[in-house]
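Structure file run_4.csv (CSV, C-alpha atoms) is printed below.
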chain,number,residue,atom,x,y,z
A,757,MET,CA,-4.6,-14.0,12.9
A,758,ASN,CA,-2.5,-16.7,14.6
A,759,LYS,CA,-1.7,-16.9,18.3
A,760,ALA,CA,1.8,-15.4,18.0
A,761,ILE,CA,0.4,-12.3,16.2
A,762,ALA,CA,-2.5,-12.0,18.7
A,763,ASP,CA,-0.2,-12.4,21.7
A,764,THR,CA,2.2,-9.7,20.4
A,765,LEU,CA,-0.5,-7.2,19.7
A,766,LYS,CA,-1.8,-7.6,23.2
A,767,ARG,CA,1.1,-5.6,24.4
A,768,ASP,CA,-0.8,-2.6,23.1
A,769,SER,CA,-4.2,-2.3,24.8
A,770,VAL,CA,-5.6,0.0,22.0
A,771,ILE,CA,-4.7,-2.5,19.3
A,772,ALA,CA,-5.8,-5.4,21.4
A,773,GLN,CA,-9.2,-3.9,21.7
A,774,LEU,CA,-9.5,-3.4,17.9
A,775,ALA,CA,-8.4,-7.0,17.4
A,776,ASP,CA,-11.3,-8.1,19.6
A,777,THR,CA,-13.9,-6.3,17.5
A,778,LEU,CA,-12.5,-6.1,14.0
A,779,GLU,CA,-11.5,-9.0,11.7
A,780,VAL,CA,-8.2,-8.9,9.7
A,781,LYS,CA,-7.4,-11.9,7.6
A,782,PRO,CA,-4.2,-13.0,5.9
A,783,LEU,CA,-3.8,-11.6,2.4
A,784,PRO,CA,-2.9,-13.8,-0.6
A,785,VAL,CA,0.5,-13.3,-2.2
A,786,THR,CA,0.4,-11.8,-5.7
A,787,ASN,CA,1.4,-13.5,-8.9
A,788,ASP,CA,2.2,-10.3,-10.7
A,789,ILE,CA,4.3,-7.6,-9.1
A,790,TYR,CA,4.4,-5.4,-12.2
A,791,ILE,CA,0.6,-5.1,-12.5
A,792,ASP,CA,0.3,-4.5,-8.7
A,793,MET,CA,2.8,-1.7,-8.9
A,794,LEU,CA,0.9,0.0,-11.8
A,795,GLU,CA,-2.3,-0.2,-9.6
A,796,ASN,CA,-0.4,1.3,-6.6
A,797,ILE,CA,0.9,4.1,-8.7
A,798,ILE,CA,-2.5,4.9,-10.2
A,799,SER,CA,-4.0,4.7,-6.7
A,800,GLN,CA,-1.7,7.3,-5.1
A,801,GLN,CA,-3.7,10.1,-3.3
A,802,LEU,CA,-7.0,8.8,-4.5
A,803,SER,CA,-9.9,7.3,-2.6
A,804,GLY,CA,-10.4,3.5,-3.0
A,805,ARG,CA,-13.5,3.8,-5.2
A,806,VAL,CA,-12.0,6.4,-7.6
A,807,ALA,CA,-8.7,4.5,-7.8
A,808,THR,CA,-10.5,1.3,-8.7
A,809,THR,CA,-12.6,3.0,-11.4
A,810,ILE,CA,-9.5,4.6,-13.1
A,811,PHE,CA,-7.4,1.5,-12.9
A,812,ASN,CA,-10.2,-0.6,-14.6
A,813,ARG,CA,-10.5,2.0,-17.3
A,814,PHE,CA,-6.7,1.9,-17.7
A,815,LEU,CA,-6.8,-1.9,-18.1
A,816,ASP,CA,-9.6,-1.7,-20.6
A,817,LEU,CA,-7.3,0.1,-23.0
A,818,PHE,CA,-5.2,-3.1,-23.5
A,819,PRO,CA,-5.7,-6.5,-25.1
A,820,ASP,CA,-6.8,-9.0,-22.5
A,821,ARG,CA,-6.8,-6.1,-20.0
A,822,TYR,CA,-3.0,-6.5,-19.6
A,823,PRO,CA,-0.7,-3.5,-20.1
A,824,ASN,CA,2.3,-5.3,-21.5
A,825,PRO,CA,5.4,-3.1,-20.8
A,826,ASN,CA,6.3,-2.8,-24.5
A,827,HIS,CA,2.7,-1.9,-25.4
A,828,LEU,CA,2.4,0.6,-22.6
A,829,LEU,CA,5.6,2.4,-23.5
A,830,LYS,CA,4.3,3.0,-27.0
A,831,PHE,CA,0.8,4.0,-25.9
A,832,ASP,CA,-0.3,7.5,-26.6
A,833,ASP,CA,-0.2,9.7,-23.5
A,834,MET,CA,-3.5,11.5,-24.3
A,835,GLU,CA,-5.3,8.2,-24.4
A,836,LEU,CA,-4.0,7.4,-20.9
A,837,ARG,CA,-5.1,10.9,-19.8
A,838,LYS,CA,-8.6,10.3,-21.1
A,839,VAL,CA,-9.2,7.4,-18.7
A,840,GLY,CA,-8.3,9.6,-15.7
A,841,LEU,CA,-4.5,9.4,-15.3
A,842,SER,CA,-2.8,12.7,-14.4
A,843,GLY,CA,0.1,13.9,-16.5
A,844,ALA,CA,2.5,12.9,-13.8
A,845,LYS,CA,0.9,9.4,-13.4
A,846,THR,CA,1.1,8.9,-17.2
A,847,VAL,CA,4.9,9.4,-16.8
A,848,TYR,CA,5.1,7.2,-13.8
A,849,VAL,CA,3.3,4.1,-15.3
A,850,LYS,CA,5.5,4.3,-18.3
A,851,ALA,CA,8.6,4.5,-16.0
A,852,MET,CA,7.3,1.4,-14.3
A,853,ALA,CA,6.9,-0.4,-17.6
A,854,GLU,CA,10.5,0.5,-18.6
A,855,PHE,CA,11.7,-0.7,-15.2
A,856,ALA,CA,9.9,-4.0,-15.5
A,857,MET,CA,11.6,-4.6,-18.9
A,858,ASN,CA,15.0,-4.2,-17.4
A,859,HIS,CA,14.6,-5.8,-13.9
A,860,ASP,CA,13.6,-9.2,-12.6
A,861,LEU,CA,10.2,-8.5,-10.9
A,862,THR,CA,9.2,-12.1,-10.6
A,863,VAL,CA,7.6,-13.0,-7.3
A,864,ASP,CA,10.3,-15.5,-6.5
A,865,SER,CA,13.0,-13.0,-7.0
A,866,ILE,CA,11.4,-10.2,-5.0
A,867,GLN,CA,10.3,-12.5,-2.2
A,868,ARG,CA,14.0,-13.3,-1.6
A,869,LEU,CA,14.7,-9.7,-0.7
A,870,PRO,CA,14.2,-8.2,2.8
A,871,ASP,CA,11.7,-5.3,3.1
A,872,ASP,CA,14.3,-2.5,2.9
A,873,GLU,CA,15.8,-4.0,-0.2
A,874,VAL,CA,12.4,-4.2,-1.9
A,875,ILE,CA,11.8,-0.6,-1.1
A,876,LYS,CA,15.3,0.4,-2.3
A,877,LEU,CA,14.7,-1.4,-5.6
A,878,LEU,CA,11.2,-0.1,-6.3
A,879,THR,CA,11.9,3.5,-5.3
A,880,GLN,CA,14.3,3.7,-8.3
A,881,VAL,CA,11.2,4.1,-10.4
A,882,LYS,CA,10.1,7.7,-11.0
A,883,GLY,CA,6.9,8.3,-9.0
A,884,VAL,CA,7.4,5.4,-6.7
A,885,GLY,CA,8.1,6.5,-3.1
A,886,VAL,CA,8.4,4.6,0.1
A,887,TRP,CA,4.7,4.5,0.7
A,888,THR,CA,3.9,3.0,-2.7
A,889,ALA,CA,6.6,0.3,-2.1
A,890,GLN,CA,5.2,-0.4,1.4
A,891,MET,CA,1.7,-1.0,-0.1
A,892,LEU,CA,3.3,-3.7,-2.3
A,893,LEU,CA,4.9,-5.3,0.8
A,894,ILE,CA,1.7,-5.3,2.7
A,895,PHE,CA,-1.0,-6.1,0.1
A,896,SER,CA,1.0,-8.1,-2.5
A,897,LEU,CA,3.8,-9.8,-0.7
A,898,GLY,CA,2.2,-10.5,2.7
A,899,ARG,CA,5.1,-9.1,4.7
A,900,ASN,CA,4.3,-9.0,8.4
A,901,ASP,CA,6.3,-6.1,9.8
A,902,VAL,CA,5.6,-3.0,7.7
A,903,PHE,CA,4.5,0.3,9.2
A,904,PRO,CA,3.6,3.0,6.6
A,905,VAL,CA,4.1,6.0,9.0
A,906,ASP,CA,3.4,8.5,6.3
A,907,ASP,CA,0.0,7.1,5.3
A,908,LEU,CA,-2.7,9.7,5.9
A,909,ALA,CA,-5.3,7.3,7.3
A,910,ILE,CA,-2.7,5.8,9.7
A,911,ARG,CA,-1.8,9.3,11.0
A,912,GLN,CA,-5.4,10.3,11.4
A,913,GLY,CA,-6.5,7.0,12.9
A,914,MET,CA,-3.7,6.7,15.4
A,915,ALA,CA,-3.9,10.3,16.5
A,916,GLU,CA,-7.5,9.7,17.3
A,917,LEU,CA,-7.0,6.3,18.9
A,918,TYR,CA,-4.1,7.3,21.1
A,919,HIS,CA,-5.2,10.9,21.7
A,920,LEU,CA,-2.1,12.4,20.2
A,921,LYS,CA,-1.9,16.2,20.0
A,922,SER,CA,1.5,16.3,18.2
A,923,ASP,CA,2.1,17.0,14.6
A,924,GLY,CA,4.9,17.1,12.0
A,925,LYS,CA,8.1,15.4,12.9
A,926,ARG,CA,6.9,14.9,16.5
A,927,LEU,CA,3.8,13.0,15.4
A,928,ARG,CA,5.9,10.9,13.1
A,929,HIS,CA,8.2,10.0,16.0
A,930,ASP,CA,5.3,9.2,18.3
A,931,LEU,CA,3.7,6.9,15.7
A,932,LEU,CA,6.9,5.0,15.1
A,933,GLN,CA,7.4,4.6,18.8
A,934,ILE,CA,3.9,3.3,19.3
A,935,SER,CA,4.3,0.9,16.4
A,936,GLU,CA,7.4,-0.7,18.0
A,937,ARG,CA,5.0,-2.4,20.4
A,938,TRP,CA,3.5,-4.3,17.5
A,939,ALA,CA,6.9,-5.6,16.1
A,940,PRO,CA,7.5,-8.0,14.4
A,941,TYR,CA,3.9,-7.8,13.3
A,942,ARG,CA,3.5,-4.1,12.6
A,943,THR,CA,1.5,-4.9,9.4
A,944,TRP,CA,-1.3,-6.4,11.5
A,945,GLY,CA,-1.5,-3.4,13.8
A,946,THR,CA,-1.5,-1.1,10.7
A,947,ARG,CA,-4.3,-3.1,9.1
A,948,LEU,CA,-6.3,-2.9,12.3
A,949,VAL,CA,-6.0,0.9,12.3
A,950,TRP,CA,-7.2,0.9,8.7
A,951,ALA,CA,-10.1,-1.4,9.6
A,952,TYR,CA,-11.0,1.0,12.4
A,953,ILE,CA,-11.1,3.9,10.0
A,954,ASN,CA,-13.1,2.0,7.4
A,955,SER,CA,-15.6,0.9,10.1
A,956,LYS,CA,-16.1,4.5,11.1
A,957,LYS,CA,-16.8,5.5,7.5
A,958,GLN,CA,-19.3,2.7,7.1
A,959,ASN,CA,-21.1,3.7,10.3
A,960,ALA,CA,-21.2,7.4,9.2
A,961,ALA,CA,-22.6,6.4,5.9
A,962,ARG,CA,-25.5,4.6,7.6
A,963,LEU,CA,-26.5,7.7,9.5

Before we go any further, please render this structure as structure tokens.
Amino acid sequence: MNKAIADTLKRDSVIAQLADTLEVKPLPVTNDIYIDMLENIISQQLSGRVATTIFNRFLDLFPDRYPNPNHLLKFDDMELRKVGLSGAKTVYVKAMAEFAMNHDLTVDSIQRLPDDEVIKLLTQVKGVGVWTAQMLLIFSLGRNDVFPVDDLAIRQGMAELYHLKSDGKRLRHDLLQISERWAPYRTWGTRLVWAYINSKKQNAARL
């Protein structure tokens, strides 16, 4: 975390305290947006460990562990279901493959787009919502100012850290308002909240 990011996050005493105790490093930029989007789709609403297991089983179905779009579109749905994909996710990964065949998803092309345009592009794919596109912005493209307000861990973590009693639309509004303190580095505040949640889970597992 460079000085500009650290100085910005100091505006928020809660996040500043997390930054003093938890380490968040820059993430490498992907070299394959298509494969990352497949992983994001498969990971929806699953714990990290389960998502990784299912994604690896999915990759094992293909030569060189690469689900070429043409190959994936022709793949038998029941074989995809056998490795743990739900019926809906079977449809969604094939929709992603079809989209990849008809759109330029090279890193250079996507990196030229602002965040909102990346989200607008990717949410054309069946099964890809704003959250899924935001995960690509954060973990694959290294964008600095992304705040996934509808992420469950973010909602739970921030409600705890900021002692929020609101819910529904009011909670969403409160979280967005708090995240403005972190701009233009909201990704870093987000990742610190995630790090806080993960550290709590690790501590609980040791007990």

- Item | For CA of Leu815 (chain A) and CA of Asn796 (chain A), the interatomic separation in Å (one decimal) |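 The value is 13.5 Å.
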
- Task: Would you kindly identify which residues have an atom no farther than 8 Å from (8.3, -8.3, 1.4), using all atoms listed in the file and the file's own coordinates, and write them out as a PyMOL selection string?
- Result: chain A and resi 866-867+869-871+874+892-894+897-899

- Could you check which of A:Glu835, A:Asp864, A:Asp906, A:Glu916 is closest to Met891 (chain A), using all atoms listed in the file?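 With all atoms listed in the file as the atom set, the closest residue is A:Asp906.
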
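Distances from A:Ala951, A:Ile761, A:Thr786, A:Thr943 to Thr862 (chain A) were compared using all atoms listed in the file, and the smallest one belongs to A:Thr786.
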
- Task: Would you kindly return, as JSON, numbers by chain, each protein, DNA or RNA residue with an atom no farther than 12 Å from any atom of Phe831 (chain A), considering only C-alpha atoms and excluding same-chain residues fewer than 4 positions away?
- Result: {"A": [814, 817, 818, 823, 824, 825, 826, 827, 835, 836, 837, 846, 847, 849, 850, 853]}

- Write out as a PyMOL selection string which residues come within 12 Å of Trp887 (chain A) when counting all atoms listed in the file, dropping same-chain ones fewer than 2 positions away. chain A and resi 793+796-797+799-801+874-876+878-879+883-885+889-894+902-908+910

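Residue nearest Val785 (chain A), chosen from A:Thr888, A:Ser955, A:Ser896, A:Ser769 and counting all atoms listed in the file: A:Ser896.
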
- Pick the closest to Tyr790 (chain A) from A:Ala760, A:Leu931, A:Leu841, A:Met857: which is it, counting only C-alpha atoms? A:Met857
